[in-house]
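> This one is target_39.csv, CSV, N, CA and C atoms.
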```
chain,number,residue,atom,x,y,z
W,457,MET,N,0.8,-1.2,0.0
W,457,MET,CA,0.0,0.0,0.0
W,457,MET,C,0.9,1.2,0.0
W,458,VAL,N,0.5,2.2,-0.8
W,458,VAL,CA,1.2,3.5,-0.9
W,458,VAL,C,0.2,4.6,-0.9
W,459,LYS,N,0.5,5.7,-0.2
W,459,LYS,CA,-0.3,6.9,-0.2
W,459,LYS,C,0.4,8.0,-0.9
W,460,LEU,N,-0.2,8.5,-2.0
W,460,LEU,CA,0.5,9.6,-2.7
W,460,LEU,C,-0.3,10.8,-2.7
W,461,PHE,N,0.4,11.9,-2.9
W,461,PHE,CA,-0.3,13.3,-2.9
W,461,PHE,C,0.1,14.0,-4.2
W,462,ILE,N,-0.8,14.8,-4.7
W,462,ILE,CA,-0.7,15.6,-5.9
W,462,ILE,C,-1.2,17.0,-5.6
W,463,PRO,N,-0.3,18.1,-5.8
W,463,PRO,CA,-0.8,19.4,-5.6
W,463,PRO,C,-1.8,19.8,-6.7
W,464,THR,N,-2.9,20.4,-6.2
W,464,THR,CA,-3.9,20.8,-7.2
W,464,THR,C,-4.5,22.2,-6.8
W,465,ALA,N,-5.0,22.8,-7.9
W,465,ALA,CA,-5.5,24.2,-7.7
W,465,ALA,C,-6.9,24.3,-7.2
W,466,ASP,N,-7.6,23.2,-7.3
W,466,ASP,CA,-9.0,23.3,-6.9
W,466,ASP,C,-9.5,22.1,-6.1
W,467,GLU,N,-10.6,22.2,-5.5
W,467,GLU,CA,-11.2,21.2,-4.7
W,467,GLU,C,-11.5,19.9,-5.4
W,468,SER,N,-11.6,19.9,-6.7
W,468,SER,CA,-11.9,18.7,-7.4
W,468,SER,C,-10.7,17.7,-7.4
W,469,GLY,N,-9.5,18.3,-7.3
W,469,GLY,CA,-8.3,17.5,-7.4
W,469,GLY,C,-7.9,16.9,-8.7
W,470,ALA,N,-8.6,17.4,-9.8
W,470,ALA,CA,-8.5,16.7,-11.1
W,470,ALA,C,-7.2,17.1,-11.8
W,471,THR,N,-6.6,18.3,-11.5
W,471,THR,CA,-5.5,18.8,-12.3
W,471,THR,C,-4.3,19.1,-11.5
W,472,LEU,N,-3.2,18.6,-11.9
W,472,LEU,CA,-1.9,18.8,-11.3
W,472,LEU,C,-1.6,20.3,-11.4
W,473,SER,N,-1.3,21.0,-10.3
W,473,SER,CA,-0.9,22.4,-10.4
W,473,SER,C,0.5,22.6,-10.8
W,474,ALA,N,0.8,23.7,-11.4
W,474,ALA,CA,2.2,24.0,-11.7
W,474,ALA,C,3.0,24.4,-10.5
W,475,HIS,N,2.4,24.7,-9.4
W,475,HIS,CA,3.0,25.0,-8.2
W,475,HIS,C,2.8,23.9,-7.1
W,476,PHE,N,3.6,24.0,-6.1
W,476,PHE,CA,3.6,22.9,-5.0
W,476,PHE,C,3.1,23.5,-3.7
W,477,GLY,N,4.0,24.3,-3.1
W,477,GLY,CA,3.8,24.7,-1.7
W,477,GLY,C,2.6,25.6,-1.5
W,478,ARG,N,2.3,26.5,-2.4
W,478,ARG,CA,1.2,27.5,-2.3
W,478,ARG,C,-0.1,27.1,-2.9
W,479,VAL,N,-0.3,25.8,-3.3
W,479,VAL,CA,-1.6,25.4,-3.8
W,479,VAL,C,-2.6,25.3,-2.7
W,480,PRO,N,-3.8,25.5,-3.0
W,480,PRO,CA,-4.8,25.4,-1.9
W,480,PRO,C,-5.2,24.0,-1.5
W,481,TYR,N,-5.0,23.0,-2.4
W,481,TYR,CA,-5.4,21.7,-2.1
W,481,TYR,C,-4.3,20.6,-2.5
W,482,TYR,N,-4.4,19.5,-1.9
W,482,TYR,CA,-3.6,18.3,-2.3
W,482,TYR,C,-4.6,17.1,-2.5
W,483,ALA,N,-4.6,16.6,-3.7
W,483,ALA,CA,-5.4,15.3,-3.9
W,483,ALA,C,-4.5,14.2,-3.4
W,484,TRP,N,-5.2,13.2,-2.8
W,484,TRP,CA,-4.4,12.0,-2.3
W,484,TRP,C,-5.1,10.7,-2.8
W,485,TYR,N,-4.2,9.7,-3.0
W,485,TYR,CA,-4.7,8.4,-3.5
W,485,TYR,C,-4.0,7.3,-2.7
W,486,VAL,N,-4.7,6.3,-2.3
W,486,VAL,CA,-4.1,5.1,-1.7
W,486,VAL,C,-4.1,4.0,-2.8
W,487,ILE,N,-2.9,3.5,-3.1
W,487,ILE,CA,-2.7,2.6,-4.2
W,487,ILE,C,-2.3,1.2,-3.5
W,488,GLU,N,-3.0,0.2,-3.9
W,488,GLU,CA,-2.7,-1.1,-3.4
W,488,GLU,C,-2.9,-2.2,-4.5
W,489,SER,N,-1.9,-3.0,-4.7
W,489,SER,CA,-1.9,-4.0,-5.7
W,489,SER,C,-2.3,-3.4,-7.1
W,490,GLY,N,-1.7,-2.3,-7.4
W,490,GLY,CA,-1.8,-1.7,-8.7
W,490,GLY,C,-3.2,-1.0,-8.9
W,491,GLU,N,-4.0,-0.8,-7.9
W,491,GLU,CA,-5.3,-0.2,-8.0
W,491,GLU,C,-5.5,0.9,-7.0
W,492,VAL,N,-6.2,1.9,-7.4
W,492,VAL,CA,-6.6,3.0,-6.5
W,492,VAL,C,-7.7,2.5,-5.6
W,493,LYS,N,-7.4,2.4,-4.3
W,493,LYS,CA,-8.4,1.9,-3.3
W,493,LYS,C,-9.2,3.0,-2.6
W,494,GLU,N,-8.5,4.2,-2.4
W,494,GLU,CA,-9.2,5.3,-1.8
W,494,GLU,C,-8.6,6.6,-2.4
W,495,SER,N,-9.4,7.7,-2.4
W,495,SER,CA,-8.9,8.9,-2.9
W,495,SER,C,-9.7,10.1,-2.2
W,496,GLY,N,-9.1,11.2,-2.2
W,496,GLY,CA,-9.8,12.4,-1.7
W,496,GLY,C,-8.9,13.6,-1.9
W,497,VAL,N,-9.4,14.7,-1.3
W,497,VAL,CA,-8.7,16.0,-1.4
W,497,VAL,C,-8.7,16.6,-0.1
W,498,VAL,N,-7.5,17.2,0.3
W,498,VAL,CA,-7.4,17.9,1.6
W,498,VAL,C,-6.9,19.3,1.3
W,499,PRO,N,-7.3,20.2,2.2
W,499,PRO,CA,-6.8,21.6,2.0
W,499,PRO,C,-5.3,21.7,2.5
W,500,ASN,N,-4.6,22.6,1.8
W,500,ASN,CA,-3.3,22.9,2.2
W,500,ASN,C,-3.3,23.8,3.4
W,501,ASP,N,-3.3,23.3,4.6
W,501,ASP,CA,-3.4,24.2,5.8
W,501,ASP,C,-2.0,24.3,6.4
W,502,SER,N,-1.0,24.3,5.6
W,502,SER,CA,0.4,24.5,6.1
W,502,SER,C,0.6,25.9,6.4
W,503,ASP,N,1.8,26.3,6.8
W,503,ASP,CA,2.2,27.6,7.2
W,503,ASP,C,2.0,28.6,6.0
W,504,HIS,N,1.9,28.2,4.8
W,504,HIS,CA,1.7,29.1,3.7
W,504,HIS,C,0.3,29.6,3.7
W,505,PHE,N,-0.6,28.9,4.4
W,505,PHE,CA,-2.0,29.4,4.5
W,505,PHE,C,-2.5,29.6,5.9
W,506,GLY,N,-1.5,30.0,6.8
W,506,GLY,CA,-1.8,30.4,8.1
W,506,GLY,C,-1.8,29.2,9.1
W,507,GLY,N,-1.5,28.0,8.7
W,507,GLY,CA,-1.5,26.9,9.5
W,507,GLY,C,-0.1,26.7,10.1
W,508,ILE,N,0.1,25.5,10.6
W,508,ILE,CA,1.4,25.1,11.2
W,508,ILE,C,2.2,24.1,10.4
W,509,GLY,N,3.4,24.3,10.2
W,509,GLY,CA,4.3,23.4,9.5
W,509,GLY,C,4.4,23.7,8.0
W,510,SER,N,5.4,23.2,7.4
W,510,SER,CA,5.6,23.4,6.0
W,510,SER,C,4.8,22.4,5.2
W,511,PRO,N,4.6,22.6,3.9
W,511,PRO,CA,3.9,21.6,3.1
W,511,PRO,C,4.5,20.2,3.2
W,512,PRO,N,5.8,20.0,3.1
W,512,PRO,CA,6.3,18.6,3.3
W,512,PRO,C,5.9,18.0,4.7
W,513,GLU,N,6.0,18.9,5.7
W,513,GLU,CA,5.6,18.4,7.0
W,513,GLU,C,4.1,18.0,7.1
W,514,ARG,N,3.3,18.8,6.4
W,514,ARG,CA,1.8,18.5,6.3
W,514,ARG,C,1.6,17.2,5.6
W,515,ILE,N,2.2,17.0,4.5
W,515,ILE,CA,2.0,15.7,3.8
W,515,ILE,C,2.5,14.5,4.6
W,516,ARG,N,3.7,14.7,5.2
W,516,ARG,CA,4.2,13.6,6.1
W,516,ARG,C,3.2,13.3,7.2
W,517,SER,N,2.6,14.3,7.8
W,517,SER,CA,1.6,14.1,8.9
W,517,SER,C,0.3,13.3,8.4
W,518,LEU,N,0.1,13.4,7.1
W,518,LEU,CA,-1.1,12.7,6.5
W,518,LEU,C,-0.7,11.3,6.0
W,519,GLY,N,0.5,10.9,6.2
W,519,GLY,CA,0.9,9.6,5.8
W,519,GLY,C,1.4,9.5,4.4
W,520,GLY,N,1.8,10.6,3.8
W,520,GLY,CA,2.3,10.6,2.4
W,520,GLY,C,3.6,9.8,2.3
W,521,GLU,N,3.7,9.0,1.2
W,521,GLU,CA,4.9,8.3,0.9
W,521,GLU,C,5.5,8.7,-0.4
W,522,VAL,N,4.6,9.3,-1.3
W,522,VAL,CA,5.0,9.7,-2.6
W,522,VAL,C,4.3,11.1,-2.9
W,523,VAL,N,5.0,12.0,-3.6
W,523,VAL,CA,4.4,13.2,-4.1
W,523,VAL,C,4.7,13.3,-5.6
W,524,ILE,N,3.7,13.6,-6.3
W,524,ILE,CA,3.8,13.8,-7.8
W,524,ILE,C,3.6,15.3,-8.0
W,525,SER,N,4.6,15.9,-8.6
W,525,SER,CA,4.6,17.4,-8.7
W,525,SER,C,5.1,17.8,-10.1
W,526,ALA,N,4.7,19.0,-10.5
W,526,ALA,CA,5.2,19.6,-11.8
W,526,ALA,C,6.6,20.2,-11.5
W,527,GLY,N,6.8,20.6,-10.2
W,527,GLY,CA,8.0,21.2,-9.8
W,527,GLY,C,7.9,21.7,-8.4
W,528,MET,N,9.1,21.9,-7.8
W,528,MET,CA,9.1,22.5,-6.4
W,528,MET,C,10.5,23.0,-6.1
W,529,GLY,N,10.6,23.7,-5.1
W,529,GLY,CA,11.9,24.3,-4.7
W,529,GLY,C,12.8,23.2,-4.1
W,530,MET,N,14.1,23.5,-4.1
W,530,MET,CA,15.0,22.5,-3.6
W,530,MET,C,14.9,22.3,-2.1
W,531,LYS,N,14.5,23.3,-1.3
W,531,LYS,CA,14.3,23.1,0.1
W,531,LYS,C,13.2,22.0,0.4
W,532,ALA,N,12.1,22.1,-0.4
W,532,ALA,CA,11.0,21.1,-0.2
W,532,ALA,C,11.5,19.7,-0.6
W,533,ILE,N,12.2,19.6,-1.7
W,533,ILE,CA,12.8,18.3,-2.2
W,533,ILE,C,13.6,17.7,-1.1
W,534,GLN,N,14.5,18.6,-0.5
W,534,GLN,CA,15.4,18.1,0.5
W,534,GLN,C,14.6,17.6,1.8
W,535,MET,N,13.6,18.3,2.1
W,535,MET,CA,12.8,17.9,3.3
W,535,MET,C,12.1,16.6,3.0
W,536,PHE,N,11.5,16.4,1.8
W,536,PHE,CA,10.9,15.1,1.5
W,536,PHE,C,12.0,14.0,1.5
W,537,GLN,N,13.2,14.3,1.0
W,537,GLN,CA,14.2,13.3,1.1
W,537,GLN,C,14.5,12.9,2.5
W,538,GLU,N,14.6,13.9,3.4
W,538,GLU,CA,14.8,13.6,4.9
W,538,GLU,C,13.7,12.8,5.5
W,539,PHE,N,12.5,12.9,5.0
W,539,PHE,CA,11.3,12.2,5.5
W,539,PHE,C,11.1,10.9,4.7
W,540,ASN,N,12.0,10.5,3.8
W,540,ASN,CA,11.9,9.3,3.0
W,540,ASN,C,10.6,9.3,2.2
W,541,ILE,N,10.2,10.4,1.7
W,541,ILE,CA,9.1,10.5,0.8
W,541,ILE,C,9.6,10.8,-0.6
W,542,ALA,N,9.2,9.9,-1.5
W,542,ALA,CA,9.6,10.0,-2.9
W,542,ALA,C,8.9,11.2,-3.6
W,543,VAL,N,9.7,12.0,-4.4
W,543,VAL,CA,9.2,13.1,-5.2
W,543,VAL,C,9.3,12.7,-6.6
W,544,LEU,N,8.2,12.7,-7.3
W,544,LEU,CA,8.2,12.3,-8.7
W,544,LEU,C,7.7,13.4,-9.6
W,545,GLN,N,8.3,13.4,-10.8
W,545,GLN,CA,7.9,14.4,-11.8
W,545,GLN,C,6.6,14.0,-12.5
W,546,GLY,N,5.6,14.8,-12.4
W,546,GLY,CA,4.3,14.6,-13.2
W,546,GLY,C,4.5,14.6,-14.7
W,547,LYS,N,3.8,13.8,-15.4
W,547,LYS,CA,3.9,13.8,-16.9
W,547,LYS,C,2.7,14.4,-17.5
W,548,SER,N,1.6,14.6,-16.8
W,548,SER,CA,0.4,15.0,-17.4
W,548,SER,C,-0.3,16.1,-16.6
W,549,PRO,N,-1.1,16.9,-17.1
W,549,PRO,CA,-1.9,17.9,-16.3
W,549,PRO,C,-3.0,17.2,-15.5
W,550,SER,N,-3.3,15.9,-15.9
W,550,SER,CA,-4.4,15.2,-15.2
W,550,SER,C,-3.8,14.4,-14.0
W,551,SER,N,-4.5,14.6,-12.9
W,551,SER,CA,-4.1,13.9,-11.7
W,551,SER,C,-4.2,12.4,-11.9
W,552,VAL,N,-5.3,12.0,-12.4
W,552,VAL,CA,-5.6,10.5,-12.6
W,552,VAL,C,-4.6,9.9,-13.6
W,553,GLU,N,-4.2,10.6,-14.7
W,553,GLU,CA,-3.2,10.1,-15.6
W,553,GLU,C,-1.9,10.0,-14.9
W,554,ASN,N,-1.5,10.9,-14.0
W,554,ASN,CA,-0.3,10.8,-13.3
W,554,ASN,C,-0.3,9.6,-12.3
W,555,VAL,N,-1.4,9.4,-11.7
W,555,VAL,CA,-1.5,8.2,-10.8
W,555,VAL,C,-1.4,6.9,-11.6
W,556,GLU,N,-2.0,6.9,-12.8
W,556,GLU,CA,-1.9,5.7,-13.7
W,556,GLU,C,-0.4,5.5,-14.1
W,557,ALA,N,0.3,6.6,-14.4
W,557,ALA,CA,1.7,6.5,-14.8
W,557,ALA,C,2.5,6.0,-13.6
W,558,PHE,N,2.2,6.4,-12.4
W,558,PHE,CA,2.9,5.9,-11.2
W,558,PHE,C,2.7,4.4,-11.1
W,559,ILE,N,1.5,4.0,-11.2
W,559,ILE,CA,1.2,2.5,-11.1
W,559,ILE,C,2.0,1.7,-12.2
W,560,ARG,N,2.1,2.3,-13.4
W,560,ARG,CA,2.9,1.6,-14.4
W,560,ARG,C,4.4,1.8,-14.2
W,561,GLY,N,4.8,2.6,-13.3
W,561,GLY,CA,6.3,2.8,-13.0
W,561,GLY,C,6.9,3.7,-14.0
W,562,GLU,N,6.2,4.6,-14.6
W,562,GLU,CA,6.7,5.5,-15.7
W,562,GLU,C,7.2,6.9,-15.2
W,563,LEU,N,7.0,7.2,-13.9
W,563,LEU,CA,7.4,8.5,-13.5
W,563,LEU,C,8.9,8.5,-13.0
W,564,GLN,N,9.6,9.6,-13.3
W,564,GLN,CA,11.0,9.8,-12.9
W,564,GLN,C,11.0,10.6,-11.6
W,565,GLU,N,12.1,10.4,-10.8
W,565,GLU,CA,12.3,11.2,-9.6
W,565,GLU,C,12.6,12.6,-10.0
W,566,LEU,N,12.1,13.5,-9.2
W,566,LEU,CA,12.4,15.0,-9.3
W,566,LEU,C,13.5,15.3,-8.3
W,567,THR,N,14.7,15.6,-8.9
W,567,THR,CA,15.8,15.8,-8.0
W,567,THR,C,16.4,17.3,-8.0
W,568,GLN,N,15.9,18.0,-9.0
W,568,GLN,CA,16.4,19.4,-9.1
W,568,GLN,C,15.2,20.4,-8.8
W,569,GLY,N,15.5,21.3,-7.9
W,569,GLY,CA,14.4,22.3,-7.6
W,569,GLY,C,14.4,23.4,-8.6
W,570,CYS,N,13.3,24.2,-8.6
W,570,CYS,CA,13.2,25.3,-9.4
W,570,CYS,C,14.2,26.4,-9.0
W,571,LEU,N,14.6,27.2,-10.0
W,571,LEU,CA,15.6,28.2,-9.7
W,571,LEU,C,14.9,29.6,-9.4
W,572,HIS,N,13.6,29.6,-9.5
W,572,HIS,CA,12.9,30.9,-9.3
W,572,HIS,C,12.0,30.7,-8.0
W,573,ASN,N,11.5,31.8,-7.5
W,573,ASN,CA,10.7,31.7,-6.3
W,573,ASN,C,9.3,32.1,-6.7
W,574,LEU,N,8.5,31.1,-7.2
W,574,LEU,CA,7.1,31.3,-7.5
W,574,LEU,C,6.2,30.5,-6.7
W,575,GLY,N,6.6,30.1,-5.5
W,575,GLY,CA,5.6,29.5,-4.6
W,575,GLY,C,5.5,28.0,-4.9
W,576,HIS,N,6.4,27.4,-5.5
W,576,HIS,CA,6.3,25.9,-5.7
W,576,HIS,C,6.4,25.3,-4.3
```
Could the structure of this file be written out as structure tokens, please?

Amino acid sequence: MVKLFIPTADESGATLSAHFGRVPYYAWYVIESGEVKESGVVPNDSDHFGGIGSPPERIRSLGGEVVISAGMGMKAIQMFQEFNIAVLQGKSPSSVENVEAFIRGELQELTQGCLHNLGH
């Protein structure tokens, strides 16, 4: 069983956001035996939105083991590495298509952060 998270711009969770840390929502999926067993959307109530803790800490507290992202800053990547949470590069604007690519083993690890400060 694996629980993965995808940053998304709206409550539907349907679309991978171009940003990571400052998105208002994270879609989550529980994958078991190559199938989605559960899914949902949670608000990003990290310190970027007046809550407590960074986005990586928030995802870790929710049991995240994998994050699929379009990009993020190096600090967030390093925090996920410290937490043993895999960070993978999304291939599609569709959250569901990224989950399917994850199940097929087609996503690559995201190891380089963005060089600009746009709220990833």
> From the set W:Ser517, W:Ser489, W:Thr471, W:Ser525, which residue has the shortest atom-to-atom contact distance to W:Ile559, counting only C-alpha atoms?
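Of W:Ser517, W:Ser489, W:Thr471, W:Ser525, the one nearest W:Ile559 is W:Ser489, counting only C-alpha atoms.
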> Do you have the atom N of W:His504-atom C of W:Phe476 distance handy?
9.8 Å
> Which residue gives the smallest distance to W:Glu521 among W:Val492, W:Ser550, W:Ala542, W:Gly506, with all atoms listed in the file counted?
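Smallest separation from W:Glu521 among the options: W:Ala542.
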> Based on DSSP run over this structure's backbone, return all residues of chain W in strand (DSSP E or B), as a VMD selection string.
chain W and resid 458 to 464 471 to 472 481 to 488 491 to 499 522 to 525 542 to 545 550 565
> List the neighbours of W:Ile541 out to 7 Å using only N, CA and C atoms; skip same-chain residues closer than 6 positions along the sequence, and give me the result as a ChimeraX atom specification.
/W:520-523,535
> Using only N, CA and C atoms, can you tell me which of W:Val458, W:Val498, W:Leu544, W:Val555 comes closest to W:Gly527?
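Nearest candidate to W:Gly527 out of W:Val458, W:Val498, W:Leu544, W:Val555: W:Leu544.
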> For W:Met528, which of W:His475, W:Lys547, W:Lys493, W:Arg560 is the closest residue, counting only C-alpha atoms?
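Ranking W:His475, W:Lys547, W:Lys493, W:Arg560 by distance to W:Met528, first place goes to W:His475.
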> Calculate how many Å separate atom N of W:Leu472 from atom C of W:Ser551, rounding to one decimal.
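Answer for the atom N of W:Leu472 to atom C of W:Ser551 separation: 6.3 Å.
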> For a test of reading the model, state the distance in Å between atom CA of W:Gln534 and atom CA of W:Glu494, rounded to one decimal.
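Computing it gives 27.8 Å between the two atoms.
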> Let me make sure I understand: among W:Arg514, W:Pro549, W:Pro463, W:Ile533, which one has the smallest atom-to-atom distance to W:Leu566 if we use all atoms listed in the file?
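Result for the nearest residue to W:Leu566: W:Ile533.
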